[in-house]
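To keep things clear, I will list the structure first and then write my remarks on it.
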Amino acid sequence: MTEGPRWTRGRFLRAAVGGGVVASGAAIAARTGSGTSQAATPDAEILSLFLLLEQVQEGFYRAALESGRLSGRLLEFASTVGRQETAHVAFLSERLGDRARERPRSDFESALRTPAAFADAAIALEEAAIGAYVGQGASLSRDAVGPIATLVAVEARQAAWVRDLAGVSPAPRAADPARNPDDVLADLRDRGFLA
């Protein structure tokens, strides 16, 4: 009896990512009526979403630092994570080139009234970003998946850090659920973080 090829974790992920890219290309072709797909188009759409989320986070941490309402460990968190979000924005903007979006308008005033409000908003923002990354990451082309995975890892550490500072479980689930981009953006609009 001969054995078929073994399904290693790497082989499975390559197949899953490849399938996601094919499905995304087919969906775009169906929407545009085109018989061919362009890998750059789904990547650009997804990276643009990620850039928007990173810009909102960067703006939130900048506003938190400028408010002067944080101290101690929350101030250290906001300062550290703010620099990381700035690096994420620069990284995604560079990847998108002239397709990079303008910075969105945001209102963080209610989220910055107290340190507890800041921590709750930071948790919501970090969790939203992770959910979007998980939900959309597999649809990226093979060339984009690796670099984007490095951002997801940092976002997860940021979420765990602020959850710990807020006194809630840093890892409340065994796996983070994927979130639909429209739901993530609607949530940010409801909170006033996205105009």
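In the structure tokens, chains take letters A, B, ... by order of appearance, with residues numbered from 1 within each chain and ligands from 1 in the order shown.
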
Please identify every residue of segment 127-194 of chain A that has at least one atom no farther than 12 Å from an atom of segment 57-71 of chain A, counting only C-alpha atoms, and for each give the shortest atom pair and the distance in Å to one decimal, arranged by chain then increasing number, as JSON lines.
{"residue": "A:Glu127", "atom": "CA", "partner": "A:Gln57", "partner_atom": "CA", "distance": 11.1}
{"residue": "A:Ala128", "atom": "CA", "partner": "A:Gln57", "partner_atom": "CA", "distance": 10.2}
{"residue": "A:Ala129", "atom": "CA", "partner": "A:Gln57", "partner_atom": "CA", "distance": 8.8}
{"residue": "A:Ile130", "atom": "CA", "partner": "A:Gln57", "partner_atom": "CA", "distance": 11.9}
{"residue": "A:Glu155", "atom": "CA", "partner": "A:Gln57", "partner_atom": "CA", "distance": 10.5}
{"residue": "A:Gln158", "atom": "CA", "partner": "A:Gln57", "partner_atom": "CA", "distance": 11.2}
{"residue": "A:Ala159", "atom": "CA", "partner": "A:Gln57", "partner_atom": "CA", "distance": 11.9}
{"residue": "A:Leu188", "atom": "CA", "partner": "A:Gln57", "partner_atom": "CA", "distance": 10.6}
{"residue": "A:Gly192", "atom": "CA", "partner": "A:Phe60", "partner_atom": "CA", "distance": 11.2}
{"residue": "A:Phe193", "atom": "CA", "partner": "A:Phe60", "partner_atom": "CA", "distance": 8.1}
{"residue": "A:Leu194", "atom": "CA", "partner": "A:Gln57", "partner_atom": "CA", "distance": 10.5}

- Message: Give me the residues near Leu51 of chain A as a list in words, where near means some atom within 7 Å (using only C-alpha atoms) and where sequence neighbours in that chain fewer than 3 positions away do not count.
- Response: Leu47, Ser48, Glu54, Gln55, Val89 and Leu92 of chain A

Would you save the residues of that selection, restricted to C-alpha atoms, as a short mmCIF file (atom, residue, chain, number, x, y, z; two decimals), in the first residue's frame?
data_model
loop_
_atom_site.label_atom_id
_atom_site.label_comp_id
_atom_site.auth_asym_id
_atom_site.auth_seq_id
_atom_site.Cartn_x
_atom_site.Cartn_y
_atom_site.Cartn_z
CA LEU A 47 -4.30 46.16 2.51
CA SER A 48 -6.34 49.36 2.24
CA GLU A 54 -3.96 51.00 11.60
CA GLN A 55 -4.54 54.71 10.91
CA VAL A 89 0.90 52.65 8.93
CA LEU A 92 1.18 49.42 4.73
#

- Message: Measuring between only C-alpha atoms, which one of A:Leu49, A:Val81, A:Val56, A:Leu165 shows the shortest distance to Ala116 of chain A?
- Response: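 The answer is A:Leu165, which sits nearest to Ala116 of chain A.
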
- Where in segment 32-163 of chain A does DSSP assign alpha helix (DSSP H), given as a PyMOL selection string? chain A and resi 32+40-67+72-96+115-137+142-163

Take the residues just selected and output them with C-alpha atoms as a CSV table (one decimal), in the first residue's frame.
chain,number,residue,atom,x,y,z
A,32,THR,CA,-16.4,43.2,-12.8
A,40,ALA,CA,-2.9,43.1,-7.0
A,41,THR,CA,-6.6,44.1,-6.9
A,42,PRO,CA,-7.7,41.9,-4.0
A,43,ASP,CA,-4.4,42.6,-2.2
A,44,ALA,CA,-4.8,46.4,-2.6
A,45,GLU,CA,-8.4,46.2,-1.3
A,46,ILE,CA,-7.4,44.2,1.8
A,47,LEU,CA,-4.3,46.2,2.5
A,48,SER,CA,-6.3,49.4,2.2
A,49,LEU,CA,-8.7,48.0,4.9
A,50,PHE,CA,-5.8,47.1,7.1
A,51,LEU,CA,-4.2,50.6,6.6
A,52,LEU,CA,-7.5,52.2,7.6
A,53,LEU,CA,-7.6,50.2,10.8
A,54,GLU,CA,-4.0,51.0,11.6
A,55,GLN,CA,-4.5,54.7,10.9
A,56,VAL,CA,-7.5,54.7,13.3
A,57,GLN,CA,-5.4,53.0,16.0
A,58,GLU,CA,-2.4,55.4,15.4
A,59,GLY,CA,-4.7,58.4,15.7
A,60,PHE,CA,-6.3,57.0,18.9
A,61,TYR,CA,-2.9,56.5,20.6
A,62,ARG,CA,-1.7,59.9,19.5
A,63,ALA,CA,-4.8,61.5,20.9
A,64,ALA,CA,-4.5,59.6,24.1
A,65,LEU,CA,-0.9,60.8,24.6
A,66,GLU,CA,-1.8,64.4,23.7
A,67,SER,CA,-4.8,64.3,26.2
A,72,GLY,CA,1.9,54.8,34.7
A,73,ARG,CA,1.5,51.6,32.9
A,74,LEU,CA,-1.3,52.9,30.6
A,75,LEU,CA,0.9,55.8,29.5
A,76,GLU,CA,3.7,53.3,28.8
A,77,PHE,CA,1.3,51.1,26.8
A,78,ALA,CA,0.0,54.0,24.7
A,79,SER,CA,3.5,55.3,24.0
A,80,THR,CA,4.9,52.0,23.0
A,81,VAL,CA,1.9,50.9,20.9
A,82,GLY,CA,1.5,54.3,19.3
A,83,ARG,CA,5.0,53.9,17.9
A,84,GLN,CA,4.2,50.4,16.7
A,85,GLU,CA,1.0,51.6,15.0
A,86,THR,CA,3.0,54.4,13.3
A,87,ALA,CA,5.4,51.7,11.9
A,88,HIS,CA,2.4,49.7,10.8
A,89,VAL,CA,0.9,52.7,8.9
A,90,ALA,CA,4.2,53.4,7.2
A,91,PHE,CA,4.7,49.7,6.3
A,92,LEU,CA,1.2,49.4,4.7
A,93,SER,CA,1.4,52.8,3.0
A,94,GLU,CA,4.7,51.8,1.4
A,95,ARG,CA,3.2,48.5,0.2
A,96,LEU,CA,0.1,50.3,-1.3
A,115,PRO,CA,-8.1,55.8,32.0
A,116,ALA,CA,-10.8,53.0,32.1
A,117,ALA,CA,-12.5,54.4,29.0
A,118,PHE,CA,-9.2,54.5,27.2
A,119,ALA,CA,-8.5,50.9,28.1
A,120,ASP,CA,-11.9,49.7,27.0
A,121,ALA,CA,-11.5,51.6,23.7
A,122,ALA,CA,-8.0,50.2,23.2
A,123,ILE,CA,-9.3,46.7,23.7
A,124,ALA,CA,-12.1,47.2,21.2
A,125,LEU,CA,-9.7,48.7,18.6
A,126,GLU,CA,-7.1,46.0,19.0
A,127,GLU,CA,-9.7,43.2,18.9
A,128,ALA,CA,-11.4,44.8,15.8
A,129,ALA,CA,-8.1,44.9,14.0
A,130,ILE,CA,-7.2,41.3,14.9
A,131,GLY,CA,-10.7,40.1,13.7
A,132,ALA,CA,-10.3,41.9,10.4
A,133,TYR,CA,-6.7,40.5,9.9
A,134,VAL,CA,-7.9,37.0,10.7
A,135,GLY,CA,-11.0,37.3,8.4
A,136,GLN,CA,-9.2,38.8,5.4
A,137,GLY,CA,-5.6,37.6,5.7
A,142,ARG,CA,1.2,34.4,-1.2
A,143,ASP,CA,3.7,37.3,-1.4
A,144,ALA,CA,1.6,39.5,0.9
A,145,VAL,CA,0.6,36.9,3.6
A,146,GLY,CA,4.0,36.6,5.2
A,147,PRO,CA,4.7,40.3,5.8
A,148,ILE,CA,1.1,40.8,7.0
A,149,ALA,CA,1.4,37.9,9.4
A,150,THR,CA,4.1,39.8,11.3
A,151,LEU,CA,1.6,42.7,11.9
A,152,VAL,CA,-1.1,40.3,13.2
A,153,ALA,CA,1.4,38.9,15.8
A,154,VAL,CA,2.1,42.4,17.1
A,155,GLU,CA,-1.6,43.3,17.2
A,156,ALA,CA,-2.3,40.2,19.3
A,157,ARG,CA,0.4,41.1,21.8
A,158,GLN,CA,-1.0,44.6,22.0
A,159,ALA,CA,-4.5,43.3,22.7
A,160,ALA,CA,-3.2,40.9,25.4
A,161,TRP,CA,-1.2,43.7,27.0
A,162,VAL,CA,-4.0,46.2,27.3
A,163,ARG,CA,-6.5,43.4,28.4

- Query: Quick one, how far is atom CA of Ser139 of chain A from atom CA of Ala186 of chain A?
  - Reply: 21.2 Å

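Computed from the coordinates, the atom CA of Asp183 of chain A to atom CA of Ala138 of chain A distance equals 18.0 Å.
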
- Interatomic distance (Å, one decimal) between atom CA of Ala175 of chain A and atom CA of Ser141 of chain A: 22.8 Å
